[in-house]
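**Student:** The structure's right below; bear with me while I get my questions together.
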Amino acid sequence: MPRTPSTRRALAVTAAAGVLATLLHTAPAPAAPAPGTLPRAAATPDAPAAESDPLDLGAARAHWIDRSTVVWPVPVQDGAGWRLLHDATGGLTVADGELTGSGTPLTLTPTTLSDEQRDRFPHLADQPAFALDEAGARTAAEALRGQLVAEHRGPDGTLLHATGVQIPGVLDDLYAAEATATTLGPSFPDAAPADGAGAGADRSSGAPHLAVWAPTAQQVSVEVDGELHPMRRDDATGVWSATGSAHWYGAAYRYHVTVWAPEAGAVVTNEVTDPYATALTTDSRHSLVVDLADPALAPDGWADAAKPEAVPLAGAAIQEIHVRDFSVADPTSEHPGRYLAFAERDSDGVRQLQRLSDAGTTHLHLLPTNDIGSVPEDPADRREPDCDLASLAPDSPHQQECVGQVRDRDAYNWGYDPVHFNVPEGSYATDAEGTARTVEFREMVRALNERDLRVVVDVVYNHTFAAGQDDRSILDRVVPGYYHRLLADGSVADSTCCPNTAPEHAMMGKLTVDSVVLWARHYRVDGFRFDLMGHHPKQNLLDVRAALDALTPERDGVDGSAVVLYGEGWNFGEVADGARFEQATQRNMAGTGIATFSDRARDAVRGGGPFDEDPGVQGFGSGLWSDPNGSPANGSPDEQLRRLLDHQDLIKVGLTGNLADYRFTDSRGREVTGAEVDYNGSPAGYTAAPGEAVAYVDKHDNEALFDALAYKLPAGTAPADRARMQVLATATALFSQGAAFGQAGAELLRSKSLDRNSYDSGDWFNAIHWDCEAGNGFGRGLPPAWDNEDKWPWAAPLLAAESLRVGCAEIRATDAAYRDLLTIRTTEDAFGLGTLDEVQRTVAFPLSGTEHEAPGVITMRAGDLVVVLNATPETVRQHHPSFRGAGFALHPVQAAGADPVVRGASFDAEAGTFAVPGRTVAVFTLG
């Protein structure tokens, strides 16, 4: 059975978890491995495995890779025989060691793979191959529309092996060239061309056209408002289509697909919604015949809405937020938990977004907003905790227990469990039935654009909510065995947490590209963050980039070249190290302009990783060596000092945008490039341009930054000092070249009560509290046992400790200091540089090396600016001869800012020395 939301999504512990990159962190099942550069397992899932049953038709160990070739790891010996059998009725079975049924045979002859075939299927390159004769190849299309069995018999005719057959390769060979050029889903050929701004013909007189790719189906019909209509098959593309009448517009529909389903072991007729649906009924029960260019679906002002000025990734400042987190606990919101909360004028949350925009935030990144499978869309079907959660002790286990009782039926999930890729999630709309979600999503985008915020959506094309015959397995019930990546035995890979898709297959790659273009054209989305992007081929992302670049304001209503792309370039699972294709991983994306999250500086600043047995492992931003917390996991003082200096080098590389070829002096006095700085066996620098790395120390995955510092700073650290370390840690991302990324509420010391994986922890642990009087979320009970119980011995005393209680003074101070630094970043030309040469000329670390390097302090020269990051508790003096006689003064934003401590920073021109208070980020500028 596919994993359900209650057992899945450690994708969170996944994506961007801290990592020792030479080790494969092991998380509780079904957690995905932590990111970073991960080695392949010694025995890969694609290696030919010993068969527990050589006559298992439920497995699929043979691979039909093109119309003339089958790859199958069975012995090749003289006198043996190999065949493909196909049966349209699905009547082939094994009984008493023999095949039964009346399948039509296709003879296989041993052959060798060509270099081109080996390149296309590297995971199969060394396995035995078999050729179909010309007559057999001509019948491939027919054979694929029924049950397939590969048969191997010995010289005496004994049946030695029988198995099902994997078919994605041959389907692509037969159909991809023409099918990838088709328009799928609902379309309106007679309508006036849409201009991207909501224009189009009157849909009441249109003739809707429905098309679905189902090349293995024996029959497809479409049910429209309860009435079945036949569809016509195009043999060249494998597409089934039907053209309706005007009264179809707005009607509910779904396909009836008669097809061989390996999981069912039978020919079935699946009633399934459209993989290319553009609108849905509640809980995705039916698709709707809707044209997104219909003016009726455009909110007021949509046609004339202006976009904020485009910002390249090199200069982007991105804040990540979950739709429900934003407003569900905001008493001033009129639409708590909904898209429309972002379109309000005077809620606490909207006012904070405006303050952040005014300070320099350029993009608001929304966690997944497409149709998902984990939240009931009908409010009547949901359940909420019925305990008095607020009355319970801060270290009580009862809050998480109460949340856990309803978490499978509440309104909360991060949303990394897609069902339909092209429709907004209905639970965030005022009404999930129909097109309100379309109108309200657009209203959200329009309103955020008015506040000078561009909108990024988190997209999850690497896996689906379900596979096989599950009711919410949309792709697999249309073309069984194609859209998902299969392992050696034919089972669906789930290294991402859930059923992995296969964007290396032409039509899944097409779906990815088409979906991104739809969101850009029809919803005016300004950027896309790809979840687990390393599970995509690099070429797939380049195809996405090319398709976006082709969008023009004149024809499409959007400048696609201004749409930004970034994602998680982690390297793990069955695709690791290029096992199946060149992946969209960190190092592979260098030179493409598509960015990846950088875990290098993140780990160095925070310290340790999410799977550390002891969460007290410290880093640069959490007191390593300079403010030790007493945890034996940190090692001796000498070990801490060595590791701290290594961390400072990683942070310096991060401050340059993780450039592979940037040259500087490291903490040991060596002249190195970014690529020569070691990150647990991998290069710290891996980009070709600074806009290809996303710098961050805090996002939805793993503990929030405040919570990580709760574990890592000494227990007695005062609340004001915790706030200062929060600002300092965040500054390492803000002052990095390339995109700076943070989690919403980090500027308010946001906590999730130490929950490291809050994907299904409900509103209680996730909601943002914009009013400081409501606290920052810390001490709302022990974090959920299902993903945090191993940390409870450390968590309980912290949650009960008064020293970790922050109030309005600390929250407001952090907010103001953060916005001061954000303003400096976005108003100074020294940040957001576009090329390696510019960074090499502009950015330097003059105190780096054995003579001047100070543990716990990083001093960066950036043009006319000097940034001093003092992570130690004491005032430090940073001296260098090159500073003598210079006219540096504290930056005007900080000199007139809210932080009285930083105003005590000074520069002695005669000595060439900067003095910076403890736990402080100070920026100086030439007068």
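If you're wondering about the labels, chains in the structure tokens are A, B, ... by order shown, residues count from 1 in each chain, ligands from 1 in order shown.
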Which neighbours of Ala854 of chain A fall inside 12 Å, counting only C-alpha atoms, when residues of the same chain fewer than 6 positions from it are skipped, and could you give them as a list in words?

**Tutor:**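 The contact residues come out as Phe620, Trp625, Ser626, Leu641, Leu644, Leu645, Gln648, Ser667, Arg668, Phe845, Pro846, Leu847, Ser848, Val868, Leu869, Asn870, Ala871, Thr872, Thr875, Val876, Arg877, Gln878, His879 and His880 of chain A.
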
**Student:** Could you turn the residues from that selection into a file that holds C-alpha atoms, as a CSV table (one decimal), in the first residue's frame?

**Tutor:**
chain,number,residue,atom,x,y,z
A,620,PHE,CA,29.8,29.4,14.6
A,625,TRP,CA,34.5,27.2,21.4
A,626,SER,CA,33.7,30.9,22.3
A,641,LEU,CA,38.8,25.5,17.9
A,644,LEU,CA,35.3,26.5,14.4
A,645,LEU,CA,38.0,27.7,12.1
A,648,GLN,CA,34.5,30.0,9.3
A,667,SER,CA,41.9,30.2,8.2
A,668,ARG,CA,45.2,28.1,7.9
A,845,PHE,CA,38.3,38.5,3.9
A,846,PRO,CA,41.4,40.6,4.9
A,847,LEU,CA,41.8,39.1,8.3
A,848,SER,CA,41.6,35.5,7.2
A,868,VAL,CA,32.0,42.2,11.1
A,869,LEU,CA,30.2,39.1,12.4
A,870,ASN,CA,31.2,38.8,16.1
A,871,ALA,CA,29.7,35.5,17.4
A,872,THR,CA,31.6,35.7,20.7
A,875,THR,CA,33.8,42.9,22.4
A,876,VAL,CA,36.4,42.2,19.7
A,877,ARG,CA,38.9,44.4,17.9
A,878,GLN,CA,39.5,43.6,14.3
A,879,HIS,CA,42.7,45.2,13.0
A,880,HIS,CA,44.4,45.1,9.6

**Student:** When you count only C-alpha atoms, which of these residues is closest to Leu705 of chain A: A:Pro917, A:Gly621, A:Gly265, A:Gly404?

**Tutor:**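 Answer, going by the shortest atom-to-atom distance: A:Gly621.
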
**Student:** Closest to Asp417 of chain A among A:Pro610, A:Pro719, A:Pro499, A:Gly434, using only C-alpha atoms?

**Tutor:**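 Between A:Pro610, A:Pro719, A:Pro499, A:Gly434, the residue approaching Asp417 of chain A most closely is A:Pro499.
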
**Student:** For Leu108 of chain A, list every protein, DNA or RNA residue within 9 Å, evaluated using only C-alpha atoms, and leave out those in the same chain fewer than 5 positions away; present the list as number ranges by chain.

**Tutor:** A: 69-70, 81-84, 130-133, 136

**Student:** Would you mind exporting C-alpha atoms of the selected residues as a compact mmCIF listing (two decimals), in the first residue's frame?

**Tutor:**
# COMPACT_ATOMS: atom_id res chain seq x y z
CA THR A 69 14.89 -4.44 -27.21
CA VAL A 70 14.22 -6.04 -23.84
CA GLY A 81 14.46 -19.73 -25.09
CA TRP A 82 13.14 -16.29 -24.24
CA ARG A 83 9.79 -14.78 -25.18
CA LEU A 84 7.43 -11.95 -24.46
CA PHE A 130 17.33 -9.44 -26.04
CA ALA A 131 16.06 -8.34 -29.43
CA LEU A 132 12.60 -8.67 -30.92
CA ASP A 133 12.48 -9.45 -34.59
CA GLY A 136 7.53 -8.49 -33.15
